[in-house]
Structures are given as structure tokens and as C-alpha cells.
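Asks: I am sharing data-v2.tsv, which consists of TSV, C-alpha atoms:
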chain	number	residue	atom	x	y	z
R	8	GLN	CA	-15.15	-36.66	-26.95
R	9	LYS	CA	-16.72	-40.07	-26.89
R	10	GLU	CA	-14.98	-42.77	-28.91
R	11	VAL	CA	-18.17	-43.70	-30.76
R	12	GLU	CA	-20.64	-40.97	-31.56
R	13	GLN	CA	-24.25	-41.20	-32.65
R	14	ASN	CA	-27.02	-38.65	-32.99
R	15	SER	CA	-29.46	-39.44	-30.18
R	16	GLY	CA	-32.49	-38.58	-32.33
R	17	PRO	CA	-35.28	-39.30	-32.42
R	18	LEU	CA	-35.14	-39.98	-36.11
R	19	SER	CA	-38.66	-40.09	-37.44
R	20	VAL	CA	-39.45	-41.69	-40.80
R	21	PRO	CA	-42.74	-42.70	-42.42
R	22	GLU	CA	-43.54	-46.35	-42.92
R	23	GLY	CA	-41.99	-47.67	-46.13
R	24	ALA	CA	-39.23	-45.07	-46.24
R	25	ILE	CA	-35.48	-45.61	-45.89
R	26	ALA	CA	-34.07	-44.92	-42.44
R	27	SER	CA	-30.42	-43.85	-42.38
R	28	LEU	CA	-28.51	-44.18	-39.11
R	29	ASN	CA	-25.01	-42.83	-38.76
R	30	CYS	CA	-22.06	-43.38	-36.48
R	31	THR	CA	-18.53	-41.99	-36.28
R	32	TYR	CA	-15.60	-43.37	-34.31
R	33	SER	CA	-12.35	-41.85	-33.17
R	34	ASP	CA	-10.06	-44.85	-32.64
R	35	ARG	CA	-8.38	-45.57	-35.96
R	36	VAL	CA	-7.33	-49.03	-34.83
R	37	SER	CA	-10.95	-50.12	-34.61
R	38	GLN	CA	-11.30	-53.14	-36.85
R	39	SER	CA	-14.88	-54.29	-36.66
R	40	PHE	CA	-18.22	-52.67	-36.19
R	41	PHE	CA	-21.61	-53.80	-35.07
R	42	TRP	CA	-25.15	-52.51	-35.14
R	43	TYR	CA	-27.42	-53.63	-32.33
R	44	ARG	CA	-31.14	-52.94	-32.02
R	45	GLN	CA	-32.54	-52.37	-28.55
R	46	TYR	CA	-36.23	-52.22	-27.80
R	47	SER	CA	-37.25	-50.31	-24.70
R	48	GLY	CA	-36.57	-52.39	-21.60
R	49	LYS	CA	-34.86	-55.14	-23.58
R	50	SER	CA	-31.26	-56.13	-24.20
R	51	PRO	CA	-29.28	-55.31	-27.37
R	52	GLU	CA	-29.89	-57.63	-30.30
R	53	LEU	CA	-27.32	-57.95	-33.09
R	54	ILE	CA	-28.50	-56.67	-36.48
R	55	MET	CA	-25.33	-56.45	-38.57
R	56	SER	CA	-21.58	-56.72	-38.31
R	57	ILE	CA	-19.11	-55.23	-40.79
R	58	TYR	CA	-15.35	-55.54	-40.98
R	59	SER	CA	-14.34	-54.31	-44.44
R	60	ASN	CA	-14.81	-51.05	-46.28
R	61	GLY	CA	-17.91	-50.92	-48.44
R	62	ASP	CA	-21.44	-52.18	-48.14
R	63	LYS	CA	-22.87	-55.30	-46.57
R	64	GLU	CA	-26.49	-56.20	-47.19
R	65	ASP	CA	-28.76	-58.51	-45.21
R	66	GLY	CA	-32.42	-58.40	-46.14
R	67	ARG	CA	-33.75	-54.88	-45.56
R	68	PHE	CA	-30.56	-53.84	-43.77
R	69	THR	CA	-27.36	-52.47	-45.32
R	70	ALA	CA	-24.31	-51.58	-43.29
R	71	GLN	CA	-21.72	-49.26	-44.76
R	72	LEU	CA	-18.16	-48.76	-43.54
R	73	ASN	CA	-15.65	-46.10	-44.54
R	74	LYS	CA	-12.48	-46.48	-42.51
R	75	ALA	CA	-10.80	-43.47	-44.08
R	76	SER	CA	-13.63	-41.26	-42.87
R	77	GLN	CA	-14.14	-43.30	-39.67
R	78	TYR	CA	-17.79	-43.58	-40.48
R	79	VAL	CA	-20.31	-46.38	-40.20
R	80	SER	CA	-23.92	-46.31	-41.24
R	81	LEU	CA	-26.98	-48.52	-41.25
R	82	LEU	CA	-29.71	-48.22	-43.84
R	83	ILE	CA	-33.11	-49.78	-43.22
R	84	ARG	CA	-35.22	-50.10	-46.36
R	85	ASP	CA	-39.00	-50.30	-46.32
R	86	SER	CA	-39.07	-49.23	-42.67
R	87	GLN	CA	-41.80	-50.79	-40.56
R	88	PRO	CA	-43.32	-49.63	-37.27
R	89	SER	CA	-41.73	-52.71	-35.70
R	90	ASP	CA	-38.31	-51.23	-36.56
R	91	SER	CA	-38.96	-48.47	-34.00
R	92	ALA	CA	-36.23	-48.93	-31.42
R	93	THR	CA	-32.86	-47.57	-30.35
R	94	TYR	CA	-30.00	-48.54	-32.64
R	95	LEU	CA	-26.59	-48.89	-31.05
R	96	CYS	CA	-23.35	-48.65	-33.00
R	97	ALA	CA	-20.37	-50.46	-31.48
R	98	ALA	CA	-16.68	-50.69	-32.36
R	99	ASN	CA	-14.12	-53.33	-31.48
R	100	ASN	CA	-10.47	-52.34	-31.69
R	101	ALA	CA	-9.06	-55.88	-31.68
R	102	GLY	CA	-9.18	-55.74	-27.94
R	103	ASN	CA	-11.95	-57.60	-26.32
R	104	MET	CA	-14.61	-55.14	-25.43
R	105	LEU	CA	-17.12	-53.27	-27.50
R	106	THR	CA	-17.26	-49.51	-27.28
R	107	PHE	CA	-20.81	-48.32	-27.83
R	108	GLY	CA	-22.27	-45.06	-28.98
R	109	GLY	CA	-25.18	-43.59	-27.08
R	110	GLY	CA	-27.68	-44.93	-29.58
R	111	THR	CA	-30.11	-43.35	-32.03
R	112	ARG	CA	-33.82	-43.65	-31.36
R	113	LEU	CA	-35.74	-44.47	-34.52
R	114	MET	CA	-39.47	-43.91	-34.83
R	115	VAL	CA	-41.29	-45.33	-37.85
R	116	LYS	CA	-44.73	-43.79	-38.17
R	117	PRO	CA	-47.57	-45.70	-39.86
W	153	GLY	CA	-30.12	-73.46	-28.19
W	154	ALA	CA	-30.50	-71.37	-25.06
W	155	GLY	CA	-29.15	-67.84	-25.06
W	156	VAL	CA	-27.36	-65.95	-22.34
W	157	SER	CA	-29.35	-65.94	-19.13
W	158	GLN	CA	-29.07	-63.57	-16.19
W	159	THR	CA	-30.51	-63.64	-12.73
W	160	PRO	CA	-32.18	-61.93	-11.07
W	161	SER	CA	-34.00	-59.86	-13.67
W	162	ASN	CA	-34.57	-57.14	-11.11
W	163	LYS	CA	-32.78	-56.38	-7.88
W	164	VAL	CA	-33.72	-53.65	-5.43
W	165	THR	CA	-31.34	-53.05	-2.57
W	166	GLU	CA	-30.51	-50.42	-0.03
W	167	LYS	CA	-27.47	-48.19	-0.09
W	168	GLY	CA	-24.51	-49.91	1.54
W	169	LYS	CA	-25.70	-53.46	0.89
W	170	TYR	CA	-23.88	-56.19	-1.03
W	171	VAL	CA	-25.32	-57.68	-4.22
W	172	GLU	CA	-24.45	-60.52	-6.56
W	173	LEU	CA	-25.57	-60.70	-10.17
W	174	ARG	CA	-25.32	-63.95	-12.08
W	175	CYS	CA	-24.69	-64.67	-15.75
W	176	ASP	CA	-24.95	-68.02	-17.52
W	177	PRO	CA	-23.39	-67.75	-21.00
W	178	ILE	CA	-24.26	-69.63	-24.16
W	179	SER	CA	-22.96	-73.18	-23.91
W	180	GLY	CA	-19.50	-73.48	-25.41
W	181	HIS	CA	-18.75	-69.77	-25.38
W	182	THR	CA	-15.35	-69.21	-23.82
W	183	ALA	CA	-15.53	-65.42	-23.61
W	184	LEU	CA	-17.82	-63.61	-21.19
W	185	TYR	CA	-18.31	-59.86	-20.82
W	186	TRP	CA	-20.05	-57.61	-18.32
W	187	TYR	CA	-21.39	-54.21	-19.32
W	188	ARG	CA	-23.38	-51.57	-17.48
W	189	GLN	CA	-26.06	-49.47	-19.15
W	190	SER	CA	-27.50	-46.32	-17.62
W	191	LEU	CA	-30.76	-44.85	-18.83
W	192	GLY	CA	-30.45	-43.22	-22.25
W	193	GLN	CA	-26.87	-44.36	-22.79
W	194	GLY	CA	-25.09	-47.15	-24.56
W	195	PRO	CA	-23.62	-50.07	-22.63
W	196	GLU	CA	-20.24	-49.45	-20.99
W	197	PHE	CA	-17.65	-52.21	-20.67
W	198	LEU	CA	-16.80	-53.48	-17.20
W	199	ILE	CA	-14.83	-56.72	-17.43
W	200	TYR	CA	-13.98	-59.55	-19.82
W	201	PHE	CA	-13.23	-63.19	-19.03
W	202	GLN	CA	-11.50	-65.65	-21.30
W	203	GLY	CA	-12.07	-68.98	-19.64
W	204	THR	CA	-11.71	-68.64	-15.89
W	205	GLY	CA	-9.44	-65.62	-15.85
W	206	ALA	CA	-10.30	-61.95	-16.03
W	207	ALA	CA	-8.41	-60.92	-19.16
W	208	ASP	CA	-9.40	-57.26	-18.95
W	209	ASP	CA	-10.99	-55.57	-15.94
W	210	SER	CA	-10.16	-52.03	-16.98
W	211	GLY	CA	-13.81	-51.00	-17.02
W	212	LEU	CA	-14.56	-51.76	-13.38
W	213	PRO	CA	-15.28	-48.34	-11.85
W	214	ASN	CA	-13.66	-48.98	-8.46
W	215	ASP	CA	-12.70	-51.70	-6.00
W	216	ARG	CA	-16.28	-52.18	-4.84
W	217	PHE	CA	-16.86	-54.10	-8.05
W	218	PHE	CA	-15.52	-57.62	-8.49
W	219	ALA	CA	-16.38	-60.50	-10.79
W	220	VAL	CA	-15.51	-64.18	-10.86
W	221	ARG	CA	-15.90	-67.08	-13.24
W	222	PRO	CA	-14.44	-70.01	-11.29
W	223	GLU	CA	-15.25	-72.84	-13.69
W	224	GLY	CA	-15.12	-70.95	-16.96
W	225	SER	CA	-18.86	-70.90	-17.44
W	226	VAL	CA	-21.16	-69.05	-15.03
W	227	SER	CA	-19.96	-65.67	-13.84
W	228	THR	CA	-20.96	-63.59	-10.84
W	229	LEU	CA	-20.59	-59.83	-10.64
W	230	LYS	CA	-20.28	-58.70	-7.04
W	231	ILE	CA	-20.86	-55.17	-5.82
W	232	GLN	CA	-19.97	-54.20	-2.27
W	233	ARG	CA	-21.31	-51.21	-0.32
W	234	THR	CA	-23.72	-50.30	-3.09
W	235	GLU	CA	-24.31	-46.65	-3.89
W	236	ARG	CA	-27.26	-44.98	-5.57
W	237	GLY	CA	-25.03	-44.27	-8.57
W	238	ASP	CA	-24.66	-48.02	-9.12
W	239	SER	CA	-28.28	-48.17	-10.25
W	240	ALA	CA	-28.28	-49.34	-13.87
W	241	VAL	CA	-28.95	-52.35	-16.05
W	242	TYR	CA	-26.09	-54.81	-15.86
W	243	LEU	CA	-25.70	-56.72	-19.11
W	244	CYS	CA	-23.77	-59.89	-19.69
W	245	ALA	CA	-22.62	-61.06	-23.12
W	246	SER	CA	-20.76	-64.10	-24.38
W	247	SER	CA	-18.90	-65.05	-27.52
W	248	LEU	CA	-16.98	-67.98	-28.99
W	249	ARG	CA	-13.74	-66.01	-29.11
W	250	GLU	CA	-11.91	-68.63	-31.13
W	251	PRO	CA	-8.22	-67.72	-31.51
W	252	GLY	CA	-7.19	-66.69	-34.98
W	253	LEU	CA	-10.67	-65.82	-36.14
W	254	GLY	CA	-10.42	-62.18	-35.24
W	255	THR	CA	-13.35	-60.32	-33.83
W	256	ASP	CA	-16.34	-62.40	-32.94
W	257	THR	CA	-19.92	-61.56	-32.16
W	258	GLN	CA	-21.11	-60.90	-28.65
W	259	TYR	CA	-24.60	-62.04	-27.70
W	260	PHE	CA	-26.31	-60.27	-24.85
W	261	GLY	CA	-28.44	-61.58	-22.05
W	262	PRO	CA	-31.65	-59.88	-20.86
W	263	GLY	CA	-29.84	-57.93	-18.16
W	264	THR	CA	-30.35	-57.34	-14.46
W	265	ARG	CA	-31.93	-54.06	-13.49
W	266	LEU	CA	-30.29	-52.95	-10.24
W	267	THR	CA	-31.92	-50.24	-8.18
W	268	VAL	CA	-30.12	-48.90	-5.13
W	269	LEU	CA	-32.41	-46.98	-2.82
Produce C-alpha cells that represent the structure in this file.
Replies:
Amino acid sequence: QKEVEQNSGPLSVPEGAIASLNCTYSDRVSQSFFWYRQYSGKSPELIMSIYSNGDKEDGRFTAQLNKASQYVSLLIRDSQPSDSATYLCAANNAGNMLTFGGGTRLMVKP
Amino acid sequence: GAGVSQTPSNKVTEKGKYVELRCDPISGHTALYWYRQSLGQGPEFLIYFQGTGAADDSGLPNDRFFAVRPEGSVSTLKIQRTERGDSAVYLCASSLREPGLGTDTQYFGPGTRLTVL
């Protein structure tokens, strides 16, 4: 079992809808979590970081963390075609490296 | 300011050859990380430098892989006797890694796409 799990998708949503991306992790000592967006052929770009249980909002993005359930999610409101990309969930366990999930491919259809 | 840069952007080599991949981190970032990303997968950790020293090299797949950061800034990932299975995108990231501030954010470079024929 991978340490960070994501549904590979593709997740298809219509333009203007809410896209919900989910991630689970197995290492209970993981302390911080990151969502990166990766366009095809490009490098990962940080979208959100979250360290505490609850919600964290930044513009159209909301990250949610539930450490008891070992679950992290990213909500994208008012999805746009330009949001179409692969979204990578990553966990840091107070060590130094990030452990990534395999990514979820999001497709926002006009 | 400038982000993380990596050179070359693409490298095609033959099986058995030696390659060097270069990473120039964000100015002032003390921590530098190398990851490898295969098609359709998330990045996988290779090695982490804090300053000049390799603080964690547990992700290096075997002794053909080696990395250095002699002056605490630019890093070079070296791969000896390349194999077709080494083909991947090699990503470099850097962070401030200030002690006492807990987890910090890693910023990625554009990557080097390595193809071993």
C-alpha cells in the first residue's frame, strides 16, 4: 500500500462546478500536507498547504484536513477549464522529504 | 526573484553512459531536494541536502546514483552506467528550511527529462 493514495481519475466536472479531490495517507506521524498542481509536461506548482485540522481557504481553493481519518481534500469552486491538470497530494512527516500520491487528473469541460 | 532552474531541460543518452543533471536553487534556500517522476506517477524522493551535506539519501535507488552540493548552492545529480529504467523526469526543489519553523514549502524547478536509449 502506498503511503499517500489518490484516485487517478480522470475527474470530469463542468465549468463553474465544484471539483472535489481527495487523498488519504497511512503514516500517522505526517504533520503537514500540500496540494500541487501539475500541467502536462510541466513541474509541480504549489496550490495549498495545510497543517492543522479543519479548513483552509485561499481564493477558489479550500483545503481540508482530518488527521483522525487521515484524510486530506482540495475543493475548487467555480472550476475553470484552466484548472484542468493533475493534482498531486503530498505529505511531510517532519522528516525532510515529501511523499506524493500518484495524482488525480482533473478535466473541467466548458 | 528567479525560481529553481535546472539544466539541461532534456537529455538523451545511450545505455551505459554517464550523465550529470544540474540544479540551481532559489537564492538563499538552504535545503535542496531531488525527486524522480515517471510517467503517470507522482514524484519520488531521491536525496535531500541541508547546506553542503546530504542529510538524507535514502531514496537513491542504487550506487549508480550520486549527488553533490559542494558549496551549498548548486547541486549536481550524477548517474553512472545509465539504464533504460532510469528514464524519467528528474525534479529539483528547494526550500528555506529555517530551524524551528517546522515544515516549509518546497518549490520545484522545471525538471530534466532524461531518456536512456
Asks: I'd like the box whose edges run along x, y and z of the file and which contains every listed atom of range 223-236 of chain W, padded by 6 Å per side; could you state its centre and edge lengths in Å, one decimal, as JSON?
Replies:
{"center_x": -21.2, "center_y": -58.9, "center_z": -8.9, "size_x": 24.1, "size_y": 39.9, "size_z": 29.1}
Asks: Dump as a compact mmCIF listing (two decimals) with C-alpha atoms, keeping the file's coordinate frame the residues of chain R that approach chain W to within 7 Å, counting only C-alpha atoms.
Replies:
# COMPACT_ATOMS: atom_id res chain seq x y z
CA SER R 39 -14.88 -54.29 -36.66
CA LYS R 49 -34.86 -55.14 -23.58
CA SER R 50 -31.26 -56.13 -24.20
CA PRO R 51 -29.28 -55.31 -27.37
CA LEU R 95 -26.59 -48.89 -31.05
CA ALA R 101 -9.06 -55.88 -31.68
CA MET R 104 -14.61 -55.14 -25.43
CA LEU R 105 -17.12 -53.27 -27.50
CA THR R 106 -17.26 -49.51 -27.28
CA PHE R 107 -20.81 -48.32 -27.83
CA GLY R 108 -22.27 -45.06 -28.98
CA GLY R 109 -25.18 -43.59 -27.08
CA GLY R 110 -27.68 -44.93 -29.58
Asks: Which residues are near Tyr58 in chain R? Cut-off 8 Å, only C-alpha atoms, ignore same chain within fewer than 6 positions. Put them as a ChimeraX atom specification.
Replies: /R:38-40,72
Asks: What lies within 8 Å of Ser227 in chain W using all atoms listed in the file, ignoring chain neighbours under 3 positions off, as a list in words?
Replies: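 Close residues of Ser227 in chain W: Arg174, Cys175, Asp176, Leu184, Ala219, Val220, Arg221, Pro222 and Gly224 of chain W.
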Asks: Can you write just those residues out, C-alpha atoms, as a compact mmCIF listing (two decimals), in the frame of the given file?
Replies:
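Done, and the output landed in again.txt:
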# COMPACT_ATOMS: atom_id res chain seq x y z
CA ARG W 174 -25.32 -63.95 -12.08
CA CYS W 175 -24.69 -64.67 -15.75
CA ASP W 176 -24.95 -68.02 -17.52
CA LEU W 184 -17.82 -63.61 -21.19
CA ALA W 219 -16.38 -60.50 -10.79
CA VAL W 220 -15.51 -64.18 -10.86
CA ARG W 221 -15.90 -67.08 -13.24
CA PRO W 222 -14.44 -70.01 -11.29
CA GLY W 224 -15.12 -70.95 -16.96
Asks: My list of candidates is R:Leu28, R:Val36, R:Leu53, R:Ala97. Which is closest to Lys74 in chain R when distances are computed with all atoms listed in the file?
Replies: R:Val36
Asks: Determine, counting all atoms listed in the file, which protein, DNA and RNA residues have an atom within 8 Å of an atom of Ser91 in chain R; residues of the same chain fewer than 6 positions away are not included. Present the result as a PyMOL selection string.
Replies: chain R and resi 46+112-115
Asks: Using Å and a single decimal, report how far CA of Gln13 in chain R sits from CA of Cys30 in chain R.
Replies: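 Computing it gives 4.9 Å between the two atoms.
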Asks: Please report the interatomic distance between CA of Arg35 in chain R and CA of Asp209 in chain W in Å with one decimal.
Replies: 22.5 Å
Asks: Name the residues in contact with Leu266 in chain W at a cut-off of 10 Å, using all atoms listed in the file, excluding same-chain residues fewer than 4 positions from it; report them as a ChimeraX atom specification.
Replies: /W:160-165,171,173,236,238-242
Asks: Please measure the separation of CA of Thr204 in chain W and CA of Ile178 in chain W, giving the value in Å to one decimal.
Replies: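 CA of Thr204 in chain W sits 15.1 Å away from CA of Ile178 in chain W.
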Asks: From the options W:Leu212, W:Gln158, W:Ala206, W:Ser247, which residue's atoms come nearest to Val226 in chain W, counting all atoms listed in the file?
Replies: W:Gln158
Asks: Might you pull out every residue within 8 Å of Ala26 in chain R, with all atoms listed in the file counted and same-chain residues fewer than 5 positions away left off, and present them as a list of chain:residue names?
Replies: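 Surrounding residues, per the criterion: R:Val20, R:Leu82, R:Ile83, R:Arg84, R:Ser86.
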Asks: Quick one: of R:Tyr43, R:Glu10, R:Tyr32, R:Glu52, who's nearest to Cys96 in chain R, counting only C-alpha atoms?
Replies: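 That would be R:Tyr43, the residue with the smallest distance to Cys96 in chain R.
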Asks: With distances taken over only C-alpha atoms, which residue among W:Gly203, W:Thr182, W:Glu235, W:Pro177 lies nearest Phe217 in chain W?
Replies: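 Counting only C-alpha atoms, the residue closest to Phe217 in chain W is W:Glu235.
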Asks: Please write as number ranges by chain the list of polymer residues whose atoms come within 7 Å of (-43.8, -47.3, -39.4), counting all atoms listed in the file and keeping to the coordinates of the file.
Replies: R: 21-23, 86-89, 115-117
